[in-house]
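Following: one structure in structure tokens, then a few remarks.
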Amino acid sequence: MYSSSRRRLTAVALSTVVAVTGAACSSGSGSADAKGSDSGTYTVWDPYPQFAKGSDWVKLLDACGAEAGVKIKRTGYDTSDLANKALLAAQQDNSADVLIVDNPVVSTLAEAGVLTSTEDNRLDTSKADPNLLAAGQSDGKTYGTPIGANTLALYYNKKVLKEAGVDIASVKDWKSLTAALAKVKAAGKKGITFSAIGTEEGTFQFLPWFWGAGAELTALDSAQAASALSLWKDWLKEGYAPNSVINNTQTTSWQEFAGGDYAFAENGTWQLANAKKAGFEYGVLPIPGADGGSAAAPTGGEFVTLPTQGDTGRYATSQKLATCLTSSQNLYDTDTTLSYVAPTSEVQAKQVEANAELKPWVAAVKAAKGRTSDDLGTTYPKISEQLWKAVQSALSGAKSPEDALASAQAAVK
């Protein structure tokens with residue numbers, strides 16, 4: 001049922017991992033040998049180094065281990081460091097038993113032969129929302145199950161909009177959003193801030209507008225793609241967005257919004273705690289599509305996966321651990337801790353019932369899309385790099401949106 005063979009893990013795989021991590025994830029460091037000291041100890045690697053021994057997360061891991069009759073040896077790594085260590089450990093047949101990894105990296109690890117598929121490991125993914133599950137699919141197979149998701153939406157400052165005479169209910173598409181920005185500028189305030197930096201973060205923030213225009217990552221030079229990039233360029237030209245967006249990370253963009261003068265900021269679920277500390281009333285609006293409705297925003301968040309093991313006798317217990325971590329009650333507790341939206345409708349409803357502020361975020365996650373979906377897999381990082389370069393080129397004035405995207409598509413080919 002399981003294959004113990006692996007494809008050669010190359011420097012290309014390592015560079016792919018580095019390229020796609022960091023857009024919507026945590027940071028920190030750690031170290032550990034993958035295998036436990038005996039067969040009664042199972043290893044878990046995760047990208048949550050902020051949770052130390054004694055935290056609710058670690059208590060959950062230990063509880064799932066106890067339920068499966070084993071001890072847990074857990075290590076929290078920085079997101080990009082974790083993916084690289086997973087590749088290196090697989091070369092030595094020293095993989096963790098359970099690996100929780102950033103969703104864009106799943107296809108890279110799968111194609112490198114590091115992960116078992118759900119067809120083989122019998123993980124139940126039937127309750128997971130299909131759009132979230134797609135981020136862990138490659139060549140028709142699914143590798144793991146989502147533990148939670150974050151995504152992007154528009155935060156807005158209620159006071160700024162009120163003073164500008166903008167009714168947030170009127171903002172339904174790009175035309176009405178741009179009209180709102182014009183009113184805000186006329187009232188002496190600032191319009192919208194976002195991150196257009198020349199990294200994966202820039203692509204991550206551009207994708208809702210790109211997809212919201214109806215563009216596809218396989219055709220960067222489409223008219224729909226050009227309309228999305230023209231939208232951003234026009235906002236800068238009209239002074240609705242600051243030139244600083246070219247260098248903004250998602251953190252510096254948030255700091256601009258937190259100053260209190262901006263009407264809107266594109267940012268993620270992970271800023272909810274900071275929003276409550278900002279000192280002004282705010283709301284959240286799913287990013288609108290060009291002609292209305294909610295645009296697909298990219299999903300952040302992790303997958304619980306089971307790496308390939310030389311000792312196939314470990315799989316049954318590993319599956320029990322993964323199943324425990326993704327049970328409905330444990331998903332609710334974990335996603336509350338991580339400020340994530342749960343990957344199942346059942347738990348999402350429970351989250352909204354407990355916290356009504358999550359309602360727009362659930363809507364955004366329902367419309368969200370994995371960056372490696374559409375079977376892009378390991379070609380996504382190359383596409384993304386050319387896309388952020390096109391955004392930089394157009395916003396800086398070096399090229400027109402059409403020429404910048406044509407160059408990007410040619411480079412991908």
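Each chain in the structure tokens gets a letter, A, B and so on, in the order shown; residues start at 1 in every chain, and ligands are counted from 1 in the order they appear.
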Mind checking DSSP for stretch 269-377 of chain A and telling me the helix (DSSP H, G or I) residues as a ChimeraX atom specification? /A:269-276,312-325,328-338,345-354,356-367,377
Long-range neighbours of A:Thr116 as a PDB file with N, CA and C atoms, in the first residue's frame, 7 Å cut-off, only C-alpha atoms, 5 positions minimum in chain:
ATOM      1  N   ASN A 121      -2.810   6.658   3.182  1.00  0.00           N
ATOM      2  CA  ASN A 121      -2.791   6.732   4.649  1.00  0.00           C
ATOM      3  C   ASN A 121      -4.182   6.745   5.284  1.00  0.00           C
ATOM      4  N   TYR A 143      -2.720  15.100  -0.421  1.00  0.00           N
ATOM      5  CA  TYR A 143      -1.657  14.824   0.541  1.00  0.00           C
ATOM      6  C   TYR A 143      -1.928  15.603   1.829  1.00  0.00           C
ATOM      7  N   LEU A 306       1.312  13.161   6.525  1.00  0.00           N
ATOM      8  CA  LEU A 306       2.044  11.998   7.031  1.00  0.00           C
ATOM      9  C   LEU A 306       3.179  11.668   6.070  1.00  0.00           C
ATOM     10  N   PRO A 307       4.414  11.959   6.463  1.00  0.00           N
ATOM     11  CA  PRO A 307       5.558  11.668   5.602  1.00  0.00           C
ATOM     12  C   PRO A 307       5.759  10.170   5.372  1.00  0.00           C
ATOM     13  N   THR A 308       6.411   9.871   4.283  1.00  0.00           N
ATOM     14  CA  THR A 308       6.770   8.495   3.948  1.00  0.00           C
ATOM     15  C   THR A 308       7.803   7.975   4.954  1.00  0.00           C
TER      16      THR A 308
END
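Closest to A:Tyr282 among A:Thr379, A:Gly214, A:Lys162, A:Ala225 is A:Lys162, based on only C-alpha atoms.
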To one decimal in Å, tell me the separation between atom CA of A:Val166 and atom CA of A:Leu154. 15.0 Å
For A:Lys159, please output as a compact mmCIF listing (two decimals) with C-alpha atoms, in the first residue's frame all residues within 9 Å (counting only C-alpha atoms; exclusion window: fewer than 4 positions along the same chain).
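Below is the file around-v1.txt, written as the result:
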# COMPACT_ATOMS: atom_id res chain seq x y z
CA GLU A 163 -16.49 61.59 7.65
CA ALA A 164 -16.11 61.05 3.89
CA GLY A 260 -5.90 55.90 11.77
CA ALA A 263 -10.03 54.18 5.00
CA PHE A 280 -10.71 53.03 16.37
CA GLU A 281 -13.84 51.23 15.19
CA TYR A 282 -13.19 48.96 12.25
Residue set, stretch 66-217 of chain A restricted to strand (DSSP E or B), as a PDB file with all heavy atoms, in the first residue's frame:
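Written output follows (states.pdb):
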ATOM      1  N   LYS A  71       3.883   8.410  23.254  1.00  0.00           N
ATOM      2  CA  LYS A  71       4.381   9.705  23.684  1.00  0.00           C
ATOM      3  C   LYS A  71       4.707  10.557  22.464  1.00  0.00           C
ATOM      4  O   LYS A  71       5.051  10.023  21.405  1.00  0.00           O
ATOM      5  CB  LYS A  71       5.642   9.527  24.545  1.00  0.00           C
ATOM      6  CG  LYS A  71       5.380   8.866  25.886  1.00  0.00           C
ATOM      7  CD  LYS A  71       6.674   8.755  26.682  1.00  0.00           C
ATOM      8  CE  LYS A  71       6.425   8.103  28.042  1.00  0.00           C
ATOM      9  NZ  LYS A  71       7.686   7.967  28.820  1.00  0.00           N
ATOM     10  N   ILE A  72       4.603  11.877  22.606  1.00  0.00           N
ATOM     11  CA  ILE A  72       4.870  12.789  21.497  1.00  0.00           C
ATOM     12  C   ILE A  72       6.162  13.560  21.737  1.00  0.00           C
ATOM     13  O   ILE A  72       6.381  14.130  22.808  1.00  0.00           O
ATOM     14  CB  ILE A  72       3.709  13.794  21.318  1.00  0.00           C
ATOM     15  CG1 ILE A  72       2.411  13.065  20.975  1.00  0.00           C
ATOM     16  CG2 ILE A  72       4.048  14.834  20.237  1.00  0.00           C
ATOM     17  CD1 ILE A  72       2.457  12.281  19.674  1.00  0.00           C
ATOM     18  N   LYS A  73       7.025  13.552  20.745  1.00  0.00           N
ATOM     19  CA  LYS A  73       8.218  14.389  20.743  1.00  0.00           C
ATOM     20  C   LYS A  73       7.988  15.470  19.688  1.00  0.00           C
ATOM     21  O   LYS A  73       8.002  15.178  18.493  1.00  0.00           O
ATOM     22  CB  LYS A  73       9.456  13.559  20.418  1.00  0.00           C
ATOM     23  CG  LYS A  73      10.763  14.361  20.498  1.00  0.00           C
ATOM     24  CD  LYS A  73      11.959  13.463  20.221  1.00  0.00           C
ATOM     25  CE  LYS A  73      13.261  14.241  20.319  1.00  0.00           C
ATOM     26  NZ  LYS A  73      14.432  13.384  20.020  1.00  0.00           N
ATOM     27  N   ARG A  74       7.762  16.683  20.140  1.00  0.00           N
ATOM     28  CA  ARG A  74       7.340  17.749  19.235  1.00  0.00           C
ATOM     29  C   ARG A  74       8.411  18.831  19.084  1.00  0.00           C
ATOM     30  O   ARG A  74       9.087  19.192  20.046  1.00  0.00           O
ATOM     31  CB  ARG A  74       6.057  18.375  19.770  1.00  0.00           C
ATOM     32  CG  ARG A  74       5.593  19.620  19.019  1.00  0.00           C
ATOM     33  CD  ARG A  74       5.947  20.916  19.738  1.00  0.00           C
ATOM     34  NE  ARG A  74       5.526  22.085  18.961  1.00  0.00           N
ATOM     35  CZ  ARG A  74       5.677  23.335  19.378  1.00  0.00           C
ATOM     36  NH1 ARG A  74       6.196  23.581  20.557  1.00  0.00           N
ATOM     37  NH2 ARG A  74       5.304  24.345  18.604  1.00  0.00           N
ATOM     38  N   THR A  75       8.547  19.350  17.865  1.00  0.00           N
ATOM     39  CA  THR A  75       9.445  20.471  17.618  1.00  0.00           C
ATOM     40  C   THR A  75       8.753  21.499  16.743  1.00  0.00           C
ATOM     41  O   THR A  75       8.143  21.151  15.723  1.00  0.00           O
ATOM     42  CB  THR A  75      10.743  20.020  16.910  1.00  0.00           C
ATOM     43  OG1 THR A  75      11.313  18.938  17.637  1.00  0.00           O
ATOM     44  CG2 THR A  75      11.738  21.167  16.844  1.00  0.00           C
ATOM     45  N   GLY A  76       8.834  22.771  17.143  1.00  0.00           N
ATOM     46  CA  GLY A  76       8.292  23.862  16.349  1.00  0.00           C
ATOM     47  C   GLY A  76       9.405  24.581  15.610  1.00  0.00           C
ATOM     48  O   GLY A  76      10.414  24.955  16.208  1.00  0.00           O
ATOM     49  N   VAL A  98       4.433  12.903  11.924  1.00  0.00           N
ATOM     50  CA  VAL A  98       3.391  13.838  11.509  1.00  0.00           C
ATOM     51  C   VAL A  98       4.054  15.170  11.220  1.00  0.00           C
ATOM     52  O   VAL A  98       4.816  15.690  12.040  1.00  0.00           O
ATOM     53  CB  VAL A  98       2.317  14.013  12.614  1.00  0.00           C
ATOM     54  CG1 VAL A  98       1.283  15.062  12.196  1.00  0.00           C
ATOM     55  CG2 VAL A  98       1.635  12.682  12.915  1.00  0.00           C
ATOM     56  N   LEU A  99       3.770  15.715  10.055  1.00  0.00           N
ATOM     57  CA  LEU A  99       4.370  16.966   9.613  1.00  0.00           C
ATOM     58  C   LEU A  99       3.257  17.960   9.305  1.00  0.00           C
ATOM     59  O   LEU A  99       2.393  17.697   8.463  1.00  0.00           O
ATOM     60  CB  LEU A  99       5.228  16.720   8.370  1.00  0.00           C
ATOM     61  CG  LEU A  99       5.896  17.932   7.716  1.00  0.00           C
ATOM     62  CD1 LEU A  99       6.947  18.518   8.646  1.00  0.00           C
ATOM     63  CD2 LEU A  99       6.533  17.528   6.387  1.00  0.00           C
ATOM     64  N   ILE A 100       3.277  19.083   9.991  1.00  0.00           N
ATOM     65  CA  ILE A 100       2.287  20.138   9.744  1.00  0.00           C
ATOM     66  C   ILE A 100       3.014  21.243   8.998  1.00  0.00           C
ATOM     67  O   ILE A 100       3.956  21.849   9.511  1.00  0.00           O
ATOM     68  CB  ILE A 100       1.683  20.638  11.066  1.00  0.00           C
ATOM     69  CG1 ILE A 100       1.037  19.454  11.799  1.00  0.00           C
ATOM     70  CG2 ILE A 100       0.654  21.733  10.811  1.00  0.00           C
ATOM     71  CD1 ILE A 100       0.617  19.756  13.219  1.00  0.00           C
ATOM     72  N   VAL A 101       2.593  21.495   7.754  1.00  0.00           N
ATOM     73  CA  VAL A 101       3.396  22.320   6.859  1.00  0.00           C
ATOM     74  C   VAL A 101       2.527  23.324   6.110  1.00  0.00           C
ATOM     75  O   VAL A 101       1.357  23.079   5.828  1.00  0.00           O
ATOM     76  CB  VAL A 101       4.174  21.404   5.881  1.00  0.00           C
ATOM     77  CG1 VAL A 101       3.231  20.664   4.951  1.00  0.00           C
ATOM     78  CG2 VAL A 101       5.234  22.165   5.102  1.00  0.00           C
ATOM     79  N   ASP A 102       3.095  24.473   5.791  1.00  0.00           N
ATOM     80  CA  ASP A 102       2.423  25.539   5.056  1.00  0.00           C
ATOM     81  C   ASP A 102       1.842  24.999   3.742  1.00  0.00           C
ATOM     82  O   ASP A 102       2.523  24.268   3.011  1.00  0.00           O
ATOM     83  CB  ASP A 102       3.444  26.645   4.765  1.00  0.00           C
ATOM     84  CG  ASP A 102       2.805  27.973   4.409  1.00  0.00           C
ATOM     85  OD1 ASP A 102       1.629  28.191   4.747  1.00  0.00           O
ATOM     86  OD2 ASP A 102       3.503  28.810   3.791  1.00  0.00           O
ATOM     87  N   LEU A 115       5.800  12.755   1.008  1.00  0.00           N
ATOM     88  CA  LEU A 115       4.518  12.563   1.683  1.00  0.00           C
ATOM     89  C   LEU A 115       3.735  11.367   1.150  1.00  0.00           C
ATOM     90  O   LEU A 115       3.800  11.050  -0.040  1.00  0.00           O
ATOM     91  CB  LEU A 115       3.651  13.822   1.529  1.00  0.00           C
ATOM     92  CG  LEU A 115       4.258  15.138   1.995  1.00  0.00           C
ATOM     93  CD1 LEU A 115       3.288  16.283   1.716  1.00  0.00           C
ATOM     94  CD2 LEU A 115       4.623  15.088   3.470  1.00  0.00           C
ATOM     95  N   ALA A 128     -13.663  18.492   4.842  1.00  0.00           N
ATOM     96  CA  ALA A 128     -12.910  19.707   4.502  1.00  0.00           C
ATOM     97  C   ALA A 128     -13.514  20.392   3.283  1.00  0.00           C
ATOM     98  O   ALA A 128     -13.927  19.736   2.322  1.00  0.00           O
ATOM     99  CB  ALA A 128     -11.450  19.361   4.235  1.00  0.00           C
ATOM    100  N   GLN A 137      -3.458  19.170  -3.132  1.00  0.00           N
ATOM    101  CA  GLN A 137      -3.651  18.161  -4.181  1.00  0.00           C
ATOM    102  C   GLN A 137      -2.643  18.342  -5.309  1.00  0.00           C
ATOM    103  O   GLN A 137      -2.322  19.469  -5.688  1.00  0.00           O
ATOM    104  CB  GLN A 137      -5.080  18.239  -4.719  1.00  0.00           C
ATOM    105  CG  GLN A 137      -6.115  17.845  -3.669  1.00  0.00           C
ATOM    106  CD  GLN A 137      -7.548  18.059  -4.096  1.00  0.00           C
ATOM    107  OE1 GLN A 137      -7.847  18.932  -4.903  1.00  0.00           O
ATOM    108  NE2 GLN A 137      -8.455  17.272  -3.533  1.00  0.00           N
ATOM    109  N   SER A 138      -2.174  17.231  -5.822  1.00  0.00           N
ATOM    110  CA  SER A 138      -1.197  17.234  -6.909  1.00  0.00           C
ATOM    111  C   SER A 138      -1.356  15.960  -7.726  1.00  0.00           C
ATOM    112  O   SER A 138      -1.448  14.866  -7.164  1.00  0.00           O
ATOM    113  CB  SER A 138       0.226  17.320  -6.330  1.00  0.00           C
ATOM    114  OG  SER A 138       1.196  17.309  -7.357  1.00  0.00           O
ATOM    115  N   LYS A 141      -4.024  13.442  -6.665  1.00  0.00           N
ATOM    116  CA  LYS A 141      -3.985  12.855  -5.328  1.00  0.00           C
ATOM    117  C   LYS A 141      -3.975  13.950  -4.270  1.00  0.00           C
ATOM    118  O   LYS A 141      -3.546  15.075  -4.526  1.00  0.00           O
ATOM    119  CB  LYS A 141      -2.757  11.955  -5.161  1.00  0.00           C
ATOM    120  CG  LYS A 141      -2.807  10.696  -6.012  1.00  0.00           C
ATOM    121  CD  LYS A 141      -1.638   9.777  -5.697  1.00  0.00           C
ATOM    122  CE  LYS A 141      -1.730   8.476  -6.498  1.00  0.00           C
ATOM    123  NZ  LYS A 141      -0.616   7.551  -6.153  1.00  0.00           N
ATOM    124  N   THR A 142      -4.446  13.600  -3.071  1.00  0.00           N
ATOM    125  CA  THR A 142      -4.494  14.533  -1.953  1.00  0.00           C
ATOM    126  C   THR A 142      -3.470  14.123  -0.909  1.00  0.00           C
ATOM    127  O   THR A 142      -3.360  12.948  -0.569  1.00  0.00           O
ATOM    128  CB  THR A 142      -5.903  14.546  -1.323  1.00  0.00           C
ATOM    129  OG1 THR A 142      -6.861  14.882  -2.336  1.00  0.00           O
ATOM    130  CG2 THR A 142      -5.986  15.565  -0.196  1.00  0.00           C
ATOM    131  N   THR A 145      -4.516  16.971   5.152  1.00  0.00           N
ATOM    132  CA  THR A 145      -5.799  17.660   5.333  1.00  0.00           C
ATOM    133  C   THR A 145      -5.545  18.990   6.030  1.00  0.00           C
ATOM    134  O   THR A 145      -4.656  19.081   6.885  1.00  0.00           O
ATOM    135  CB  THR A 145      -6.767  16.772   6.154  1.00  0.00           C
ATOM    136  OG1 THR A 145      -8.065  17.365   6.176  1.00  0.00           O
ATOM    137  CG2 THR A 145      -6.277  16.565   7.572  1.00  0.00           C
ATOM    138  N   PRO A 146      -6.281  20.037   5.669  1.00  0.00           N
ATOM    139  CA  PRO A 146      -6.024  21.356   6.271  1.00  0.00           C
ATOM    140  C   PRO A 146      -6.381  21.402   7.752  1.00  0.00           C
ATOM    141  O   PRO A 146      -7.382  20.826   8.174  1.00  0.00           O
ATOM    142  CB  PRO A 146      -6.907  22.300   5.448  1.00  0.00           C
ATOM    143  CG  PRO A 146      -7.959  21.432   4.847  1.00  0.00           C
ATOM    144  CD  PRO A 146      -7.327  20.097   4.632  1.00  0.00           C
ATOM    145  N   ALA A 149      -7.330  27.783   8.058  1.00  0.00           N
ATOM    146  CA  ALA A 149      -7.002  28.670   6.954  1.00  0.00           C
ATOM    147  C   ALA A 149      -7.051  30.125   7.393  1.00  0.00           C
ATOM    148  O   ALA A 149      -7.843  30.508   8.257  1.00  0.00           O
ATOM    149  CB  ALA A 149      -7.967  28.450   5.788  1.00  0.00           C
ATOM    150  N   ASN A 150      -6.182  30.916   6.813  1.00  0.00           N
ATOM    151  CA  ASN A 150      -6.336  32.358   6.898  1.00  0.00           C
ATOM    152  C   ASN A 150      -6.327  32.899   5.476  1.00  0.00           C
ATOM    153  O   ASN A 150      -5.950  32.201   4.532  1.00  0.00           O
ATOM    154  CB  ASN A 150      -5.247  33.002   7.762  1.00  0.00           C
ATOM    155  CG  ASN A 150      -3.840  32.658   7.308  1.00  0.00           C
ATOM    156  OD1 ASN A 150      -3.557  32.567   6.117  1.00  0.00           O
ATOM    157  ND2 ASN A 150      -2.940  32.469   8.261  1.00  0.00           N
ATOM    158  N   LEU A 152      -7.114  36.870   3.005  1.00  0.00           N
ATOM    159  CA  LEU A 152      -7.115  38.325   2.975  1.00  0.00           C
ATOM    160  C   LEU A 152      -8.519  38.889   2.839  1.00  0.00           C
ATOM    161  O   LEU A 152      -9.396  38.261   2.243  1.00  0.00           O
ATOM    162  CB  LEU A 152      -6.273  38.818   1.794  1.00  0.00           C
ATOM    163  CG  LEU A 152      -4.785  38.445   1.841  1.00  0.00           C
ATOM    164  CD1 LEU A 152      -4.145  38.683   0.476  1.00  0.00           C
ATOM    165  CD2 LEU A 152      -4.065  39.253   2.913  1.00  0.00           C
ATOM    166  N   ALA A 153      -8.705  40.073   3.381  1.00  0.00           N
ATOM    167  CA  ALA A 153      -9.949  40.825   3.206  1.00  0.00           C
ATOM    168  C   ALA A 153      -9.603  42.296   3.374  1.00  0.00           C
ATOM    169  O   ALA A 153      -8.430  42.655   3.562  1.00  0.00           O
ATOM    170  CB  ALA A 153     -11.001  40.382   4.233  1.00  0.00           C
ATOM    171  N   LEU A 154     -10.595  43.166   3.299  1.00  0.00           N
ATOM    172  CA  LEU A 154     -10.377  44.593   3.496  1.00  0.00           C
ATOM    173  C   LEU A 154     -10.837  45.005   4.893  1.00  0.00           C
ATOM    174  O   LEU A 154     -12.009  44.850   5.231  1.00  0.00           O
ATOM    175  CB  LEU A 154     -11.141  45.411   2.447  1.00  0.00           C
ATOM    176  CG  LEU A 154     -10.710  45.257   0.992  1.00  0.00           C
ATOM    177  CD1 LEU A 154     -11.591  46.123   0.092  1.00  0.00           C
ATOM    178  CD2 LEU A 154      -9.240  45.621   0.805  1.00  0.00           C
ATOM    179  N   TYR A 155      -9.908  45.485   5.683  1.00  0.00           N
ATOM    180  CA  TYR A 155     -10.273  46.154   6.930  1.00  0.00           C
ATOM    181  C   TYR A 155     -10.665  47.584   6.567  1.00  0.00           C
ATOM    182  O   TYR A 155     -10.063  48.190   5.673  1.00  0.00           O
ATOM    183  CB  TYR A 155      -9.083  46.195   7.887  1.00  0.00           C
ATOM    184  CG  TYR A 155      -8.718  44.882   8.533  1.00  0.00           C
ATOM    185  CD1 TYR A 155      -7.862  43.973   7.896  1.00  0.00           C
ATOM    186  CD2 TYR A 155      -9.197  44.554   9.799  1.00  0.00           C
ATOM    187  CE1 TYR A 155      -7.504  42.777   8.507  1.00  0.00           C
ATOM    188  CE2 TYR A 155      -8.842  43.354  10.421  1.00  0.00           C
ATOM    189  CZ  TYR A 155      -7.998  42.476   9.766  1.00  0.00           C
ATOM    190  OH  TYR A 155      -7.647  41.289  10.373  1.00  0.00           O
ATOM    191  N   TYR A 156     -11.638  48.150   7.259  1.00  0.00           N
ATOM    192  CA  TYR A 156     -11.969  49.553   7.006  1.00  0.00           C
ATOM    193  C   TYR A 156     -12.180  50.306   8.313  1.00  0.00           C
ATOM    194  O   TYR A 156     -12.600  49.743   9.321  1.00  0.00           O
ATOM    195  CB  TYR A 156     -13.182  49.690   6.087  1.00  0.00           C
ATOM    196  CG  TYR A 156     -14.467  49.070   6.578  1.00  0.00           C
ATOM    197  CD1 TYR A 156     -15.361  49.784   7.385  1.00  0.00           C
ATOM    198  CD2 TYR A 156     -14.813  47.760   6.209  1.00  0.00           C
ATOM    199  CE1 TYR A 156     -16.555  49.208   7.817  1.00  0.00           C
ATOM    200  CE2 TYR A 156     -16.006  47.175   6.652  1.00  0.00           C
ATOM    201  CZ  TYR A 156     -16.869  47.912   7.445  1.00  0.00           C
ATOM    202  OH  TYR A 156     -18.043  47.342   7.886  1.00  0.00           O
ATOM    203  N   ASN A 157     -11.835  51.593   8.265  1.00  0.00           N
ATOM    204  CA  ASN A 157     -11.950  52.490   9.407  1.00  0.00           C
ATOM    205  C   ASN A 157     -13.313  53.173   9.334  1.00  0.00           C
ATOM    206  O   ASN A 157     -13.565  53.974   8.430  1.00  0.00           O
ATOM    207  CB  ASN A 157     -10.818  53.518   9.358  1.00  0.00           C
ATOM    208  CG  ASN A 157     -10.785  54.427  10.576  1.00  0.00           C
ATOM    209  OD1 ASN A 157     -11.817  54.868  11.056  1.00  0.00           O
ATOM    210  ND2 ASN A 157      -9.577  54.724  11.055  1.00  0.00           N
ATOM    211  N   LYS A 190      -6.758  59.395   3.754  1.00  0.00           N
ATOM    212  CA  LYS A 190      -6.026  58.507   2.862  1.00  0.00           C
ATOM    213  C   LYS A 190      -6.887  57.305   2.484  1.00  0.00           C
ATOM    214  O   LYS A 190      -7.691  56.853   3.285  1.00  0.00           O
ATOM    215  CB  LYS A 190      -4.722  58.056   3.522  1.00  0.00           C
ATOM    216  CG  LYS A 190      -3.796  59.223   3.844  1.00  0.00           C
ATOM    217  CD  LYS A 190      -2.543  58.774   4.585  1.00  0.00           C
ATOM    218  CE  LYS A 190      -1.650  59.957   4.901  1.00  0.00           C
ATOM    219  NZ  LYS A 190      -0.433  59.558   5.661  1.00  0.00           N
ATOM    220  N   GLY A 191      -6.685  56.800   1.271  1.00  0.00           N
ATOM    221  CA  GLY A 191      -7.568  55.773   0.730  1.00  0.00           C
ATOM    222  C   GLY A 191      -7.313  54.355   1.182  1.00  0.00           C
ATOM    223  O   GLY A 191      -7.946  53.852   2.103  1.00  0.00           O
ATOM    224  N   ILE A 192      -6.356  53.691   0.538  1.00  0.00           N
ATOM    225  CA  ILE A 192      -6.149  52.259   0.790  1.00  0.00           C
ATOM    226  C   ILE A 192      -4.668  51.945   0.808  1.00  0.00           C
ATOM    227  O   ILE A 192      -3.879  52.542   0.059  1.00  0.00           O
ATOM    228  CB  ILE A 192      -6.870  51.411  -0.289  1.00  0.00           C
ATOM    229  CG1 ILE A 192      -6.782  49.915   0.043  1.00  0.00           C
ATOM    230  CG2 ILE A 192      -6.313  51.697  -1.691  1.00  0.00           C
ATOM    231  CD1 ILE A 192      -7.695  49.050  -0.830  1.00  0.00           C
ATOM    232  N   THR A 193      -4.272  51.043   1.666  1.00  0.00           N
ATOM    233  CA  THR A 193      -2.892  50.591   1.709  1.00  0.00           C
ATOM    234  C   THR A 193      -2.836  49.074   1.605  1.00  0.00           C
ATOM    235  O   THR A 193      -3.766  48.374   2.021  1.00  0.00           O
ATOM    236  CB  THR A 193      -2.170  51.087   2.977  1.00  0.00           C
ATOM    237  OG1 THR A 193      -0.813  50.624   2.958  1.00  0.00           O
ATOM    238  CG2 THR A 193      -2.858  50.591   4.232  1.00  0.00           C
TER     239      THR A 193
END
Spatial neighbours of A:Ser373, 6 Å, only C-alpha atoms, chain gap at least 2 places, as a list in words: Ala134, Ala135, Gly370, Arg371, Asp375 and Leu376 of chain A
Suppose we keep C-alpha atoms; can you now write the selection as a tab-separated table (two decimals), in the first residue's frame?
chain	number	residue	atom	x	y	z
A	134	ALA	CA	-7.26	21.73	-3.30
A	135	ALA	CA	-4.11	23.38	-1.96
A	370	GLY	CA	-4.99	27.73	-2.94
A	371	ARG	CA	-1.99	29.25	-4.70
A	375	ASP	CA	-2.60	21.51	-10.47
A	376	LEU	CA	0.10	24.20	-10.69
What is the distance between atom CA of A:Trp235 and atom CA of A:Gly301, in Å to one decimal? 29.8 Å
Mind checking which residues fall within 8 Å of A:Val114, counting only C-alpha atoms, ignoring those fewer than 5 positions away in the same chain, and posting them as a PyMOL selection string? chain A and resi 6+86-87+90+109+307-308
I'd like the neighbourhood of stretch 337-339 of chain A as an NGL selection string, where a residue qualifies if any of its atoms comes within 7 Å (using only C-alpha atoms), though same-chain residues fewer than 3 positions away should be ignored. :A and (269-270 or 333-334)
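Proximity of A:Trp57, A:Gln392, A:Phe51, A:Gly165 to A:Ala182, computed with only C-alpha atoms, is greatest for A:Gly165.
Atom pair atom CA of A:Val171 / atom CA of A:Pro288: separated by 8.0 Å.
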Write out as a PyMOL selection string the residues lying within 9 Å of A:Gly293, counting only C-alpha atoms and excluding same-chain residues fewer than 5 positions away. chain A and resi 172-173+212+286-288
Export all heavy atoms of the chosen residues as a compact mmCIF listing (two decimals), in the first residue's frame?
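result_8.txt, freshly written:
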# COMPACT_ATOMS: atom_id res chain seq x y z
N LYS A 172 -19.39 47.41 -3.48
CA LYS A 172 -19.75 46.06 -3.93
C LYS A 172 -18.88 45.53 -5.06
O LYS A 172 -18.91 44.35 -5.37
CB LYS A 172 -21.21 46.03 -4.37
CG LYS A 172 -22.19 46.36 -3.25
CD LYS A 172 -23.62 46.34 -3.75
CE LYS A 172 -24.61 46.62 -2.61
NZ LYS A 172 -26.01 46.63 -3.10
N ASP A 173 -18.14 46.42 -5.71
CA ASP A 173 -17.29 46.02 -6.85
C ASP A 173 -16.16 47.04 -6.97
O ASP A 173 -16.01 47.93 -6.12
CB ASP A 173 -18.12 45.95 -8.14
CG ASP A 173 -18.92 47.23 -8.39
OD1 ASP A 173 -18.53 48.30 -7.85
OD2 ASP A 173 -19.93 47.18 -9.11
N GLY A 212 -10.02 38.17 -9.00
CA GLY A 212 -11.29 38.89 -9.00
C GLY A 212 -11.63 39.49 -10.35
O GLY A 212 -12.79 39.82 -10.63
N PRO A 286 -15.13 41.36 2.67
CA PRO A 286 -14.45 40.50 1.69
C PRO A 286 -14.04 41.33 0.48
O PRO A 286 -14.77 42.24 0.06
CB PRO A 286 -15.51 39.46 1.33
CG PRO A 286 -16.38 39.38 2.54
CD PRO A 286 -16.45 40.81 3.05
N ILE A 287 -12.89 41.06 -0.08
CA ILE A 287 -12.41 41.81 -1.25
C ILE A 287 -13.37 41.60 -2.41
O ILE A 287 -13.66 40.46 -2.79
CB ILE A 287 -10.99 41.37 -1.63
CG1 ILE A 287 -10.03 41.72 -0.49
CG2 ILE A 287 -10.54 42.05 -2.93
CD1 ILE A 287 -8.64 41.15 -0.65
N PRO A 288 -13.91 42.68 -2.99
CA PRO A 288 -14.89 42.52 -4.06
C PRO A 288 -14.26 42.12 -5.39
O PRO A 288 -13.13 42.49 -5.69
CB PRO A 288 -15.53 43.91 -4.16
CG PRO A 288 -14.45 44.84 -3.72
CD PRO A 288 -13.69 44.10 -2.64
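Ranking A:Leu285, A:Leu220, A:Val70, A:Ala408 by their shortest atom-to-atom distance to A:Pro360, with only C-alpha atoms included, puts A:Leu285 first.
Distances here use only C-alpha atoms; by that measure, the residue among A:Leu405, A:Ala180, A:Ala354, A:Ala275 closest to A:Trp254 is A:Ala275.
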